[in-house]
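Novice: I'm passing along input03.cif; it holds mmCIF, C-alpha atoms.
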```cif
data_final
loop_
_atom_site.label_atom_id
_atom_site.label_comp_id
_atom_site.auth_asym_id
_atom_site.auth_seq_id
_atom_site.Cartn_x
_atom_site.Cartn_y
_atom_site.Cartn_z
CA MET A 126 116.27 56.77 93.72
CA ARG A 127 112.91 56.50 91.92
CA ILE A 128 109.81 57.00 94.06
CA TYR A 129 106.22 56.48 92.91
CA VAL A 130 103.26 58.14 94.68
CA LEU A 131 99.61 57.14 94.15
CA GLU A 132 97.47 59.83 95.78
CA ASP A 133 94.27 61.43 94.50
CA ASP A 134 94.19 64.33 96.97
CA TRP A 135 96.41 67.03 95.52
CA LEU A 136 97.22 68.58 98.91
CA ASP A 137 98.38 65.24 100.33
CA GLU A 138 100.31 64.54 97.13
CA GLU A 139 102.04 67.90 97.42
CA ASP A 140 102.95 67.30 101.11
CA LEU A 141 104.31 63.82 100.36
CA THR A 142 106.32 65.01 97.36
CA LYS A 143 107.82 67.93 99.30
CA THR A 144 108.74 65.61 102.17
CA ILE A 145 110.35 63.11 99.81
CA VAL A 146 112.37 65.75 97.95
CA ARG A 147 113.48 67.37 101.23
CA ARG A 148 114.68 64.02 102.65
CA VAL A 149 115.97 62.49 99.41
CA PRO A 150 117.03 65.42 97.19
CA GLN A 151 118.24 63.15 94.37
CA ALA A 152 114.88 61.34 94.18
CA VAL A 153 112.92 61.21 90.96
CA VAL A 154 109.27 61.38 92.05
CA VAL A 155 106.49 60.18 89.74
CA THR A 156 102.85 60.55 90.74
CA ASP A 157 99.45 59.30 89.62
CA GLN A 158 96.02 60.29 90.89
CA SER A 159 93.88 57.24 90.01
CA GLU A 160 93.92 53.47 90.07
CA HIS A 161 93.51 53.44 86.28
CA GLN A 162 96.66 55.57 85.87
CA PHE A 163 98.49 53.23 88.25
CA ARG A 164 97.51 50.14 86.23
CA GLU A 165 98.67 51.80 83.01
CA ARG A 166 102.01 52.63 84.64
CA LEU A 167 102.29 49.09 86.05
CA LYS A 168 102.06 47.76 82.46
CA ARG A 169 105.00 49.99 81.47
CA TRP A 170 107.04 48.78 84.46
CA VAL A 171 106.30 45.16 83.59
CA GLU A 172 107.16 45.52 79.90
CA GLY A 173 110.31 47.48 80.76
CA SER A 174 109.42 50.70 78.92
CA GLU A 175 109.65 52.66 82.19
CA PRO A 176 112.13 52.10 85.04
CA VAL A 177 110.64 50.41 88.09
CA PRO A 178 110.53 52.47 91.30
CA ASP A 179 112.60 51.78 94.39
CA LEU A 180 109.68 52.83 96.61
CA CYS A 181 105.91 53.00 96.03
CA VAL A 182 103.81 55.16 98.36
CA LEU A 183 100.14 54.23 97.88
CA ASP A 184 97.08 55.88 99.35
CA VAL A 185 94.59 53.18 100.34
CA ARG A 186 91.52 55.07 99.06
CA VAL A 187 91.89 56.24 95.47
CA ARG A 188 89.29 56.74 92.74
CA TRP A 189 89.31 54.59 89.58
CA THR A 190 89.58 57.65 87.35
CA PHE A 191 88.35 61.21 87.11
CA PRO A 192 84.84 61.85 85.75
CA ALA A 193 84.84 62.57 82.03
CA PRO A 194 82.65 61.62 79.06
CA ASP A 195 85.37 59.32 77.71
CA ALA A 196 86.62 58.02 81.09
CA PRO A 197 87.54 54.32 81.11
CA LYS A 198 85.09 52.09 82.92
CA SER A 199 86.21 50.31 86.05
CA PRO A 200 87.12 46.64 85.57
CA PRO A 201 84.64 43.84 86.32
CA GLY A 202 84.41 43.20 90.06
CA TRP A 203 85.85 46.59 91.03
CA ASP A 204 82.71 47.70 92.87
CA GLU A 205 82.32 44.29 94.56
CA ASP A 206 85.93 44.61 95.79
CA GLU A 207 84.97 47.82 97.64
CA GLY A 208 85.93 50.10 94.73
CA TYR A 209 87.97 53.11 95.77
CA ARG A 210 88.16 51.91 99.42
CA ARG A 211 90.77 49.26 98.52
CA ALA A 212 92.55 50.74 95.48
CA GLY A 213 95.92 51.10 97.20
CA ILE A 214 95.66 47.60 98.66
CA ARG A 215 94.98 46.17 95.18
CA ALA A 216 97.94 48.17 93.87
CA ALA A 217 100.20 46.79 96.63
CA ARG A 218 99.14 43.22 95.76
CA LEU A 219 99.84 43.79 92.06
CA ILE A 220 103.28 45.22 92.83
CA LYS A 221 104.22 42.38 95.17
CA ALA A 222 103.03 39.77 92.62
CA GLU A 223 105.23 41.16 89.84
CA PRO A 224 108.77 39.69 89.63
CA ARG A 225 110.21 42.90 88.10
CA LEU A 226 109.08 44.81 91.20
CA GLN A 227 110.21 42.30 93.84
CA HIS A 228 112.83 44.72 95.21
CA THR A 229 110.44 47.65 95.52
CA PHE A 230 109.57 48.99 98.96
CA VAL A 231 105.79 49.48 99.38
CA VAL A 232 104.15 51.84 101.87
CA LEU A 233 100.38 52.14 102.20
CA ILE A 234 99.12 55.42 103.63
CA SER A 235 95.63 56.07 104.95
CA ALA A 236 93.61 58.38 107.15
CA LEU A 237 92.25 55.17 108.68
CA ASP A 238 94.19 53.53 111.49
CA VAL A 239 96.23 50.40 110.91
CA HIS A 240 93.57 48.06 112.37
CA SER A 241 90.83 49.34 110.04
CA THR A 242 93.18 49.21 107.08
CA GLN A 243 94.30 45.69 107.98
CA ARG A 244 90.65 44.55 107.95
CA HIS A 245 90.37 45.87 104.37
CA ALA A 246 93.72 44.31 103.45
CA GLY A 247 92.68 40.76 104.38
CA ASP A 248 95.67 38.42 104.09
CA LEU A 249 98.08 41.21 103.08
CA THR A 250 99.95 41.79 106.34
CA LEU A 251 100.77 45.41 107.10
CA HIS A 252 103.84 46.36 109.14
CA ASP A 253 104.60 49.57 111.02
CA LEU A 254 107.33 51.67 109.47
CA PRO A 255 110.61 50.22 110.75
CA LEU A 256 113.17 52.24 112.62
CA HIS A 257 116.01 50.32 111.01
CA SER A 258 116.70 47.77 108.25
CA PRO A 259 113.44 47.76 106.26
CA SER A 260 112.69 44.62 104.25
CA ARG A 261 111.77 44.83 100.58
CA GLU A 262 109.37 41.90 101.02
CA GLY A 263 106.97 43.56 103.43
CA VAL A 264 104.18 46.07 102.95
CA TYR A 265 104.42 48.95 105.39
CA PHE A 266 101.68 51.19 106.73
CA PHE A 267 101.72 54.86 107.68
CA GLU A 268 98.69 56.67 109.08
CA LYS A 269 98.21 60.09 107.44
CA SER A 270 98.74 62.89 109.89
CA PRO A 271 100.43 66.28 109.96
CA GLU A 272 103.37 64.53 111.65
CA LEU A 273 105.47 63.04 108.85
CA ARG A 274 108.61 62.35 110.91
CA PRO A 275 108.22 58.52 110.93
CA PHE A 276 107.80 58.57 107.15
CA GLU A 277 110.82 60.87 106.80
CA GLN A 278 112.92 58.49 108.91
CA PHE A 279 111.79 55.58 106.76
CA LEU A 280 112.86 57.46 103.62
CA THR A 281 116.41 57.78 104.95
CA LEU A 282 116.57 53.98 105.41
CA CYS A 283 115.42 53.11 101.89
CA ARG A 284 118.17 52.66 99.39
CA PRO A 285 117.88 51.85 95.69
CA ALA A 286 117.75 48.14 94.93
CA PRO A 287 121.02 46.56 93.84
CA ALA A 288 121.37 46.51 90.07
#
```
Spell out the structure here as structure tokens.
Specialist:
Amino acid sequence: MRIYVLEDDWLDEEDLTKTIVRRVPQAVVVTDQSEHQFRERLKRWVEGSEPVPDLCVLDVRVRWTFPAPDAPKSPPGWDEDEGYRRAGIRAARLIKAEPRLQHTFVVLISALDVHSTQRHAGDLTLHDLPLHSPSREGVYFFEKSPELRPFEQFLTLCRPAPA
């Protein structure tokens, strides 16, 4: 099972990765720390030069890139679309719009509660993590907390997409 994590906080990334590997030992976990890195990876998924993930775990609030003299500029409209505050939501929309990723589970994670996140998500409906039979069509939401048990249960329900 291939799992992608978009998280710019290294402690949260480490916790998520450890949880994933503990629950799904055979998982191949790939991580990025910025929306720019995500968009570059999305291009590789679309063109087929990198295998698509079975599950994407996306932090809602992620920076465009890390400060550097040669850092790529954010795309037009990024700041008007609430910049880092909606990066994971934009990523979820891009994933769900791409035919090659139609069988990918998507989970948004945030320190904000589901109601605040839903306001930022607009017409992208967020669902609580299911206790059984997750759908590949939906976008799920998990509130960041020290308690990862609901996320761990969700991981055991996700299976790789049929070939």
Novice: Tell me which of A:Leu141, A:Thr250, A:Ala222, A:Lys168 sits closest to Thr156 in chain A, counting only C-alpha atoms.
Specialist: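 Closest to Thr156 in chain A of all the choices is A:Leu141.
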Novice: On this structure, which residues satisfy the PyMOL selection byres ((chain A and resi 176-189) around 8), written as a PyMOL selection string?
Specialist: chain A and resi 126-133+158-161+170+173-175+190-191+199+208-214+216-217+225-226+228-235+242+283-286
Novice: What does the distance between CA of Glu223 in chain A and CA of Gln243 in chain A come to in Å, to one decimal place?
Specialist: 21.7 Å
Novice: CA of Tyr265 in chain A and CA of Asp253 in chain A are how many Å apart?
Specialist: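 Spanning CA of Tyr265 in chain A to CA of Asp253 in chain A is a straight-line distance of 5.7 Å.
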Novice: Rounded to one decimal place, report the CA of Pro194 in chain A-CA of Val171 in chain A distance in Å.
Specialist: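 Those two atoms sit 29.2 Å apart.
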Novice: Counting all atoms listed in the file, figure out which residue out of A:Val153, A:Leu254, A:Pro224, A:Trp135 gets nearest to Leu273 in chain A.
Specialist: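 Using all atoms listed in the file, the shortest distance to Leu273 in chain A belongs to A:Leu254.
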Novice: Since I can't run it myself right now, could you work out what the PyMOL selection byres ((chain A and resi 257) around 10) selects here and report it as a list in words?
Specialist: Leu254, Pro255, Leu256, Ser258, Pro259, Ser260, Gln278, Phe279, Thr281, Leu282 and Cys283 of chain A
Novice: How big is the axis-aligned box around all listed atoms of range 156-169 of chain A once 6 Å goes on each side, and where's its centre, in Å to one decimal, as AutoDock Vina command-line options?
Specialist:
```
--center_x 99.3 --center_y 54.2 --center_z 86.2 --size_x 23.5 --size_y 24.8 --size_z 21.4
```
Novice: Within 12 Å of His240 in chain A, counting only C-alpha atoms, which residues qualify if same-chain residues fewer than 5 places away don't, as a list of chain:residue names?
Specialist: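 Near neighbours after the sequence-gap exclusion: A:Ser235, A:His245, A:Ala246, A:Gly247, A:Thr250, A:Leu251, A:His252, A:Asp253, A:Phe266, A:Phe267, A:Glu268.
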Novice: So, with all atoms listed in the file as the atoms that count, which of A:Arg244, A:Lys269, A:Arg166, A:Arg147 lies closest to Asp134 in chain A?
Specialist: A:Lys269
